[in-house]
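As C-alpha cells, the structure follows; a few thoughts come after it.
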Amino acid sequence: MTKPARPLAGAAASTTGTAIGLALQRLFPTTTAKGRILRLAGLTAGVTGSYVGYMVQRLFLGEEQREKKRKSVHAHTGRRIRDELMTLRGPAMKFGQALSLHTDILPDEILAELSKLQMEAPGMHASLAEAQFKASLGRAPDAVFKSFLPEPFAAASLGQVHRAVLRDGTPVAVKIQYPQIRAAIENDFKWLRNASLPALASGHVQKSSLDELESQILAETDYVREADHLEFFRKGLAPLGFVTVPEVYREYSTDRVLTMSMVEGQHLDAFLATKPSQKMRDLIGSRLHELFTFQLLVLKKLHADPHWGNYLFKADGTISLIDFGCVKEFEDVVIQRLRKGFLYRGPFDSPEFQQIIREQLAQPGKKVTPAILRAMADFATRFYRRVYPPDRPDDWTFDFSDEAFLRDFAAAAAKTIWAKASAPQYIFMLRAEVGLYTTLHRLRARVPTSAIVRRILGASVS
C-alpha cells in the first residue's frame with residue numbers, strides 16, 4: 001500500500017524547496033546586499049528542491065514519462081532562474097547571459113529560457129525611466145527629442161534602450177541606466193568574495209581575478225567611457241568593411257544616458273530562422289572570427305560582452321556590433337606574449353613553449369608550476385592544435401558544427417583551473433573567445449581559422 005505513495009515524497013521535496021525559495025525571494029528586496037544574497041539563496045533552494053523531487057519521482061516512472069518529466073523540470077528551472085536573474089539584474093544577470101551561451105553543458109530547455117536574458121529583461125516603469133533621464137540630462141525626453149517611446153525595445157543587465165527621433169528626424173537609440181545599479185554590483189561582489197573564500201584560500205581563484213571582474217563590470221556603468229569606446233571602434237573597425245558600429249550623439253549623452261544611431265540587423269536566432277545557406281553561415285562565421293582576431297592583435301582592445309544580444313546580422317553577411325560597455329584593453333607586452341603562442345609549430349612539452357607559457361602567465365608573487373605547464377600543454381594539444389593547425393593551407397577550414405570540440409574545450413579548460421593556471425588580464429579575453437566559439441557552433445560554420453590568424457599576424461607586425 002505504501003509503494004504507490006512514494007512519488008508523493010518527490011512532489012513534497014519539490015514543493016518544499018520551491019516554497020522556501022519563493023518565500024526568501026519575496027521577502028527580501030533586490031536593492032540591499034542582504035536582500036540580494038537571500039534571494040539568491042532562495043533561488044538555490046527552489047532549484048534544488050525541484051531536482052530532488054524529480055530524482056525521487058523518476059524512480060517510479062516509465063521511460064517515456066521520465067523523459068517528459070525531465071524536460072518539464074528543466075523548463076521550469078530555466079524559467080525560475082531567468083525570472084530571478086532578470087529581477088536582480090547587474091552581475092547576477094550577466095552570469096545568466098554567460099551561461100546562455102554554454103550549449104555544451106546546459107539542457108536545451110534551460111538554454112531557451114536563459115537566452116531571453118540577452119534582450120528581454122523587464123524594463124523600468126516609464127515614469128522611472130523618464131526620471132532617470134531627466135536627472136541626468138536636466139530635461140525630460142520629450143523636451144530633448146522630437147519623439148520618444150516610453151516602452152524600451154531592449155533591456156539588459158545594467159540599462160534599457162528606447163527608440164527616439166532627433167529634432168532633425170534622425171532615428172536614435174537611447175540607453176538609460178537602471179537606478180542604483182552600481183550599488184547592486186558592489187553588493188553582489190561582496191557576496192561573491194565571501195562565497196569564494198575557500199577557492200581563494202586554495203589558490204583556485206585569485207583576489208586579482210575578482211578585482212578584475214568587479215572593476216570591469218563597474219566600469220560598464222560609465223556611459224561616457226562607453227561613448228569613447230564606440231568612437232574608437234567605429235574608426236578602428238572601419239578597415240574590415242563588414243562591421244557597423246553605432247554613432248554617438250554626445251550632446252544627448254551623459255554618464256548614465258547614451259544616445260546612439262540606430263543600426264540594422266537580426267539577432268542570431270531570428271537570422272537563423274531565415275534558413276541562411278551554408279555559404280552564408282561560413283561567411284558570417286569567418287567574419288566573426290576575423291573580427292575577434294583583428295580586435296585582439298591589431299586594435300589591442302576587445303569587445304568582451306559576446307552574448308548574442310550584442311550582434312545583429314544582415315542578409316548580405318554584414319554585422320552590426322552593439323553595447324560597448326565591456327571593453328578590455330591590453331598592454332603591448334601582453335599582446336606580444338600572446339603572438340608567440342599563435343600557430344605555434346613545435347611540441348607543447350618543449351622548453352620553448354614552456355617559456356612562452358611562463359611569460360604569458362607571469363604575475364608578481366606567483367610561480368608557474370609544472371602542473372600548470374602540463375595543463376596548458378594538454379589544453380594546447382586537445383584544443384588549439386586541432387582548431388588552429390599551423391601547417392594547413394589557406395583553404396583549410398575547421399567545422400564548428402562538430403559537437404566534440406566544445407566538450408574538449410571545456411574539459412581542457414577545467415584542467416587548467418584545477419592546476420591554478422589563470423591570470424586576471426585574460427579573463428575577459430577568454431570570455432569573448434568562448435562566446436565566439438559557441439556562436440560559430442550555433443552557426444555550424446566552417447571557418448579558415450589558421451589562414452585568418454596567419455593573415456592578421458602578418459598585418460599586425462609593427
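Each chain of the C-alpha cells is named A, B, ... in the order shown, its residues numbered from 1; ligands are numbered from 1 in display order.
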What lies within 9 Å of Arg167 (chain A) using only C-alpha atoms, ignoring chain neighbours under 6 positions off, as a PDB file with N, CA, C and O atoms, in the first residue's frame?
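Output file result.pdb follows:
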ATOM      1  N   VAL A 144      13.764  66.967 -25.222  1.00  0.00           N
ATOM      2  CA  VAL A 144      15.024  66.798 -25.943  1.00  0.00           C
ATOM      3  C   VAL A 144      14.794  66.274 -27.353  1.00  0.00           C
ATOM      4  O   VAL A 144      15.393  66.762 -28.312  1.00  0.00           O
ATOM      5  N   PHE A 145      13.879  65.317 -27.483  1.00  0.00           N
ATOM      6  CA  PHE A 145      13.681  64.639 -28.760  1.00  0.00           C
ATOM      7  C   PHE A 145      12.370  65.053 -29.418  1.00  0.00           C
ATOM      8  O   PHE A 145      11.424  65.484 -28.751  1.00  0.00           O
ATOM      9  N   LYS A 146      12.326  64.863 -30.724  1.00  0.00           N
ATOM     10  CA  LYS A 146      11.087  65.087 -31.463  1.00  0.00           C
ATOM     11  C   LYS A 146      10.038  64.074 -31.039  1.00  0.00           C
ATOM     12  O   LYS A 146       8.846  64.391 -30.908  1.00  0.00           O
ATOM     13  N   SER A 147      10.484  62.847 -30.798  1.00  0.00           N
ATOM     14  CA  SER A 147       9.612  61.817 -30.240  1.00  0.00           C
ATOM     15  C   SER A 147      10.456  60.844 -29.430  1.00  0.00           C
ATOM     16  O   SER A 147      11.657  60.673 -29.692  1.00  0.00           O
TER      17      SER A 147
END
List every residue of region 235-320 of chain A that has an atom at most 10 Å from any atom of region 204-222 of chain A, and for each one report the closest atom pair and its distance in Å to one decimal, counting only C-alpha atoms, with rows sorted by chain and then by increasing residue number, as JSON lines.
{"residue": "A:Thr254", "atom": "CA", "partner": "A:Asp222", "partner_atom": "CA", "distance": 8.5}
{"residue": "A:Asp255", "atom": "CA", "partner": "A:Asp222", "partner_atom": "CA", "distance": 5.1}
{"residue": "A:Arg256", "atom": "CA", "partner": "A:Asp222", "partner_atom": "CA", "distance": 6.6}
{"residue": "A:Val257", "atom": "CA", "partner": "A:Asp222", "partner_atom": "CA", "distance": 9.2}
{"residue": "A:Leu258", "atom": "CA", "partner": "A:Asp222", "partner_atom": "CA", "distance": 9.7}
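Rounded to one decimal, CA of Ile176 (chain A) and CA of Lys301 (chain A) lie 24.8 Å from each other.
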Could you jot down the CA of Glu130 (chain A) to CA of Val174 (chain A) separation for me, Å, one decimal place?
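Straight-line distance from CA of Glu130 (chain A) to CA of Val174 (chain A) works out to 11.5 Å.
Distances to Glu264 (chain A) were evaluated for A:Asn310, A:Gln295, A:Gln160, A:Thr397 using only C-alpha atoms, and the minimum falls at A:Asn310.
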At what distance in Å, to one decimal, does CA of Phe398 (chain A) lie from CA of Leu302 (chain A)?
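Atom-to-atom, CA of Leu302 (chain A) and CA of Phe398 (chain A) are spaced 23.1 Å apart.
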Option closest in space to Glu331 (chain A), from A:Thr318, A:Val387, A:Asp402, A:Gln425 [counting only C-alpha atoms]:
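Closest residue, counting only C-alpha atoms: A:Gln425.
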Extract, using only C-alpha atoms, all DNA, RNA and protein residues at most 9 Å from Trp418 (chain A), discarding same-chain residues fewer than 2 positions from it, and format them as an MDAnalysis selection string.
chainID A and resid 204 372 375 413:416 420:421
Best match for closeness to Met280 (chain A) among A:His229, A:His125, A:Lys314, A:Arg250, counting only C-alpha atoms
A:Lys314
Write out as a count of residues only the residues lying within 9 Å of Gly317 (chain A), counting only C-alpha atoms and excluding same-chain residues fewer than 6 positions away.
6
For region 322-329 of chain A, work out the shell of residues within 10 Å, counting only C-alpha atoms and skipping chain neighbours fewer than 2 positions away, then give it as number ranges by chain.
A: 158, 175, 216-231, 233, 244-246, 260, 262-263, 295-296, 299-306, 309-312, 319-320, 331-332, 425-429, 432
Can you work out which one of A:Pro390, A:Pro370, A:Pro364, A:Gly236 has the shortest atom-to-atom distance to Tyr344 (chain A), counting only C-alpha atoms?
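Going through A:Pro390, A:Pro370, A:Pro364, A:Gly236 one by one, the smallest distance to Tyr344 (chain A) is for A:Pro390.
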Quick one: residues within 10 Å of Gly159 (chain A), only C-alpha atoms, excluding same-chain residues fewer than 5 positions away - as a ChimeraX atom specification?
/A:89-90,121,123-124,129,152,154,175-179,181,221,256-257
Keeping only N, CA and C atoms, write those residues as a CSV table (one decimal), in the first residue's frame.
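selection-v2.csv, written as the output of this step:
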chain,number,residue,atom,x,y,z
A,89,ARG,N,19.1,41.7,-11.9
A,89,ARG,CA,19.9,42.5,-12.9
A,89,ARG,C,21.4,42.4,-12.5
A,90,GLY,N,22.2,43.4,-12.9
A,90,GLY,CA,23.6,43.5,-12.5
A,90,GLY,C,24.4,42.3,-12.8
A,121,ALA,N,14.9,41.5,-20.6
A,121,ALA,CA,14.7,41.7,-19.2
A,121,ALA,C,13.6,42.7,-19.0
A,123,GLY,N,11.7,45.9,-18.1
A,123,GLY,CA,12.2,47.3,-18.1
A,123,GLY,C,11.7,48.1,-16.9
A,124,MET,N,12.3,49.3,-16.7
A,124,MET,CA,11.8,50.2,-15.7
A,124,MET,C,10.4,50.7,-16.1
A,129,ALA,N,12.0,55.6,-15.8
A,129,ALA,CA,12.9,55.8,-16.9
A,129,ALA,C,13.0,57.3,-17.2
A,152,PRO,N,10.7,50.4,-23.6
A,152,PRO,CA,12.0,50.0,-24.2
A,152,PRO,C,11.9,48.9,-25.2
A,154,ALA,N,14.6,47.1,-25.9
A,154,ALA,CA,15.6,46.2,-25.4
A,154,ALA,C,16.0,46.5,-23.9
A,175,LYS,N,20.0,54.7,-24.5
A,175,LYS,CA,20.1,53.8,-23.4
A,175,LYS,C,20.1,54.5,-22.0
A,176,ILE,N,19.3,54.1,-21.1
A,176,ILE,CA,19.1,54.7,-19.8
A,176,ILE,C,19.5,53.7,-18.8
A,177,GLN,N,20.3,54.1,-17.9
A,177,GLN,CA,20.8,53.2,-16.8
A,177,GLN,C,19.8,53.0,-15.7
A,178,TYR,N,19.7,51.8,-15.2
A,178,TYR,CA,18.9,51.5,-14.1
A,178,TYR,C,19.3,52.2,-12.8
A,179,PRO,N,18.4,52.7,-12.0
A,179,PRO,CA,18.8,53.3,-10.7
A,179,PRO,C,19.5,52.3,-9.8
A,181,ILE,N,22.2,50.8,-9.8
A,181,ILE,CA,22.8,49.6,-10.4
A,181,ILE,C,24.3,49.4,-9.9
A,221,THR,N,29.2,50.9,-16.0
A,221,THR,CA,28.1,51.9,-15.6
A,221,THR,C,28.5,53.3,-16.0
A,256,ARG,N,25.1,58.4,-17.5
A,256,ARG,CA,24.0,57.5,-17.3
A,256,ARG,C,23.0,57.4,-18.4
A,257,VAL,N,23.2,58.2,-19.5
A,257,VAL,CA,22.3,58.2,-20.7
A,257,VAL,C,23.2,58.2,-21.9
Selection: 12 Å around Gly346 (chain A), only C-alpha atoms, excl. self and same-chain fewer than 5 positions, as a list in words:
Lys340, Gly341, Pro351, Glu352, Phe353, Gln354, Ile356, Ala377, Ala380, Thr381, Arg385, Pro389, Pro390 and Asp391 of chain A
Let me see the file: selected residues, all heavy atoms, as a compact mmCIF listing (two decimals), in the first residue's frame.
# COMPACT_ATOMS: atom_id res chain seq x y z
N LYS A 340 53.31 34.97 -29.64
CA LYS A 340 54.27 33.86 -29.69
C LYS A 340 53.57 32.50 -29.66
O LYS A 340 54.11 31.52 -30.18
CB LYS A 340 55.24 33.97 -28.51
CG LYS A 340 56.17 35.16 -28.57
CD LYS A 340 57.09 35.18 -27.35
CE LYS A 340 58.00 36.38 -27.35
NZ LYS A 340 58.89 36.41 -26.16
N GLY A 341 52.40 32.46 -29.04
CA GLY A 341 51.70 31.19 -28.93
C GLY A 341 50.79 30.88 -30.10
O GLY A 341 50.44 29.71 -30.33
N PRO A 351 60.85 23.02 -24.04
CA PRO A 351 61.26 24.17 -23.21
C PRO A 351 60.84 25.51 -23.81
O PRO A 351 60.52 26.45 -23.08
CB PRO A 351 62.79 24.02 -23.17
CG PRO A 351 63.03 22.57 -23.38
CD PRO A 351 61.97 22.12 -24.34
N GLU A 352 60.84 25.59 -25.15
CA GLU A 352 60.46 26.85 -25.80
C GLU A 352 59.00 27.20 -25.51
O GLU A 352 58.69 28.35 -25.14
CB GLU A 352 60.66 26.73 -27.32
CG GLU A 352 60.31 28.01 -28.07
CD GLU A 352 60.44 27.85 -29.58
OE1 GLU A 352 60.18 26.73 -30.09
OE2 GLU A 352 60.78 28.84 -30.24
N PHE A 353 58.09 26.22 -25.66
CA PHE A 353 56.69 26.50 -25.38
C PHE A 353 56.46 26.75 -23.90
O PHE A 353 55.65 27.62 -23.53
CB PHE A 353 55.81 25.34 -25.86
CG PHE A 353 54.33 25.62 -25.74
CD1 PHE A 353 53.70 26.47 -26.64
CD2 PHE A 353 53.58 25.06 -24.72
CE1 PHE A 353 52.34 26.76 -26.53
CE2 PHE A 353 52.22 25.34 -24.60
CZ PHE A 353 51.60 26.19 -25.50
N GLN A 354 57.14 26.03 -23.05
CA GLN A 354 57.01 26.26 -21.61
C GLN A 354 57.42 27.68 -21.24
O GLN A 354 56.81 28.31 -20.37
CB GLN A 354 57.83 25.23 -20.84
CG GLN A 354 57.26 23.82 -20.92
CD GLN A 354 58.10 22.80 -20.19
OE1 GLN A 354 59.24 23.09 -19.79
NE2 GLN A 354 57.57 21.60 -20.01
N ILE A 356 57.13 30.28 -23.23
CA ILE A 356 56.03 31.13 -23.69
C ILE A 356 54.93 31.17 -22.63
O ILE A 356 54.40 32.25 -22.31
CB ILE A 356 55.47 30.59 -25.03
CG1 ILE A 356 56.48 30.80 -26.15
CG2 ILE A 356 54.14 31.27 -25.37
CD1 ILE A 356 56.09 30.14 -27.47
N ALA A 377 49.85 22.56 -21.71
CA ALA A 377 50.25 21.73 -22.85
C ALA A 377 49.09 20.84 -23.30
O ALA A 377 48.84 20.66 -24.50
CB ALA A 377 51.46 20.89 -22.48
N ALA A 380 46.56 23.06 -25.13
CA ALA A 380 47.02 23.39 -26.48
C ALA A 380 46.91 22.18 -27.41
O ALA A 380 46.54 22.32 -28.58
CB ALA A 380 48.47 23.87 -26.42
N THR A 381 47.19 20.99 -26.89
CA THR A 381 47.14 19.78 -27.71
C THR A 381 45.72 19.40 -28.06
O THR A 381 45.39 19.11 -29.23
CB THR A 381 47.81 18.61 -26.97
OG1 THR A 381 49.16 18.95 -26.67
CG2 THR A 381 47.76 17.33 -27.81
N ARG A 385 45.65 23.09 -31.13
CA ARG A 385 46.30 22.47 -32.29
C ARG A 385 45.25 21.89 -33.24
O ARG A 385 45.47 21.83 -34.46
CB ARG A 385 47.26 21.38 -31.80
CG ARG A 385 48.04 20.65 -32.88
CD ARG A 385 48.92 21.56 -33.74
NE ARG A 385 49.90 22.34 -33.05
CZ ARG A 385 51.12 21.94 -32.70
NH1 ARG A 385 51.51 20.71 -32.96
NH2 ARG A 385 51.95 22.77 -32.12
N PRO A 389 45.57 24.39 -36.62
CA PRO A 389 46.78 23.69 -37.05
C PRO A 389 47.68 24.65 -37.83
O PRO A 389 47.21 25.36 -38.73
CB PRO A 389 46.24 22.57 -37.94
CG PRO A 389 44.90 23.05 -38.40
CD PRO A 389 44.35 23.88 -37.29
N PRO A 390 48.96 24.71 -37.51
CA PRO A 390 49.83 25.72 -38.13
C PRO A 390 50.27 25.41 -39.55
O PRO A 390 50.76 26.30 -40.25
CB PRO A 390 51.05 25.73 -37.19
CG PRO A 390 51.09 24.35 -36.63
CD PRO A 390 49.66 23.91 -36.49
N ASP A 391 50.10 24.16 -40.01
CA ASP A 391 50.67 23.75 -41.29
C ASP A 391 49.64 23.49 -42.38
O ASP A 391 49.94 22.87 -43.39
CB ASP A 391 51.52 22.50 -41.08
CG ASP A 391 50.73 21.37 -40.41
OD1 ASP A 391 49.57 21.62 -40.03
OD2 ASP A 391 51.29 20.27 -40.26
Would you please extract all strand (DSSP E) residues from region 288-399 of chain A, as assigned by DSSP on the backbone, and give them as a list of chain:residue names?
A:Lys301, A:Leu302, A:His303, A:Tyr311, A:Leu312, A:Phe313, A:Ile319, A:Ser320, A:Leu321, A:Val327, A:Lys328, A:Glu329, A:Phe398, A:Asp399
Would you please work out which residue, of A:Ser450, A:Ser422, A:Thr438, A:Ser401, is nearest to Leu361 (chain A) when using only C-alpha atoms?
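Result for the nearest residue to Leu361 (chain A): A:Ser422.
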DSSP on the backbone: what in region 207-354 of chain A comes out alpha helix (DSSP H), as a PyMOL selection string?
chain A and resi 207-219+223-236+268-273+278-294+332-341+351-354
Hey, which of A:Ala412, A:Ile185, A:Val243, A:Leu406 ends up closest to Thr439 (chain A)? Count only C-alpha atoms.
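Using only C-alpha atoms, Thr439 (chain A) sits closest to A:Leu406.
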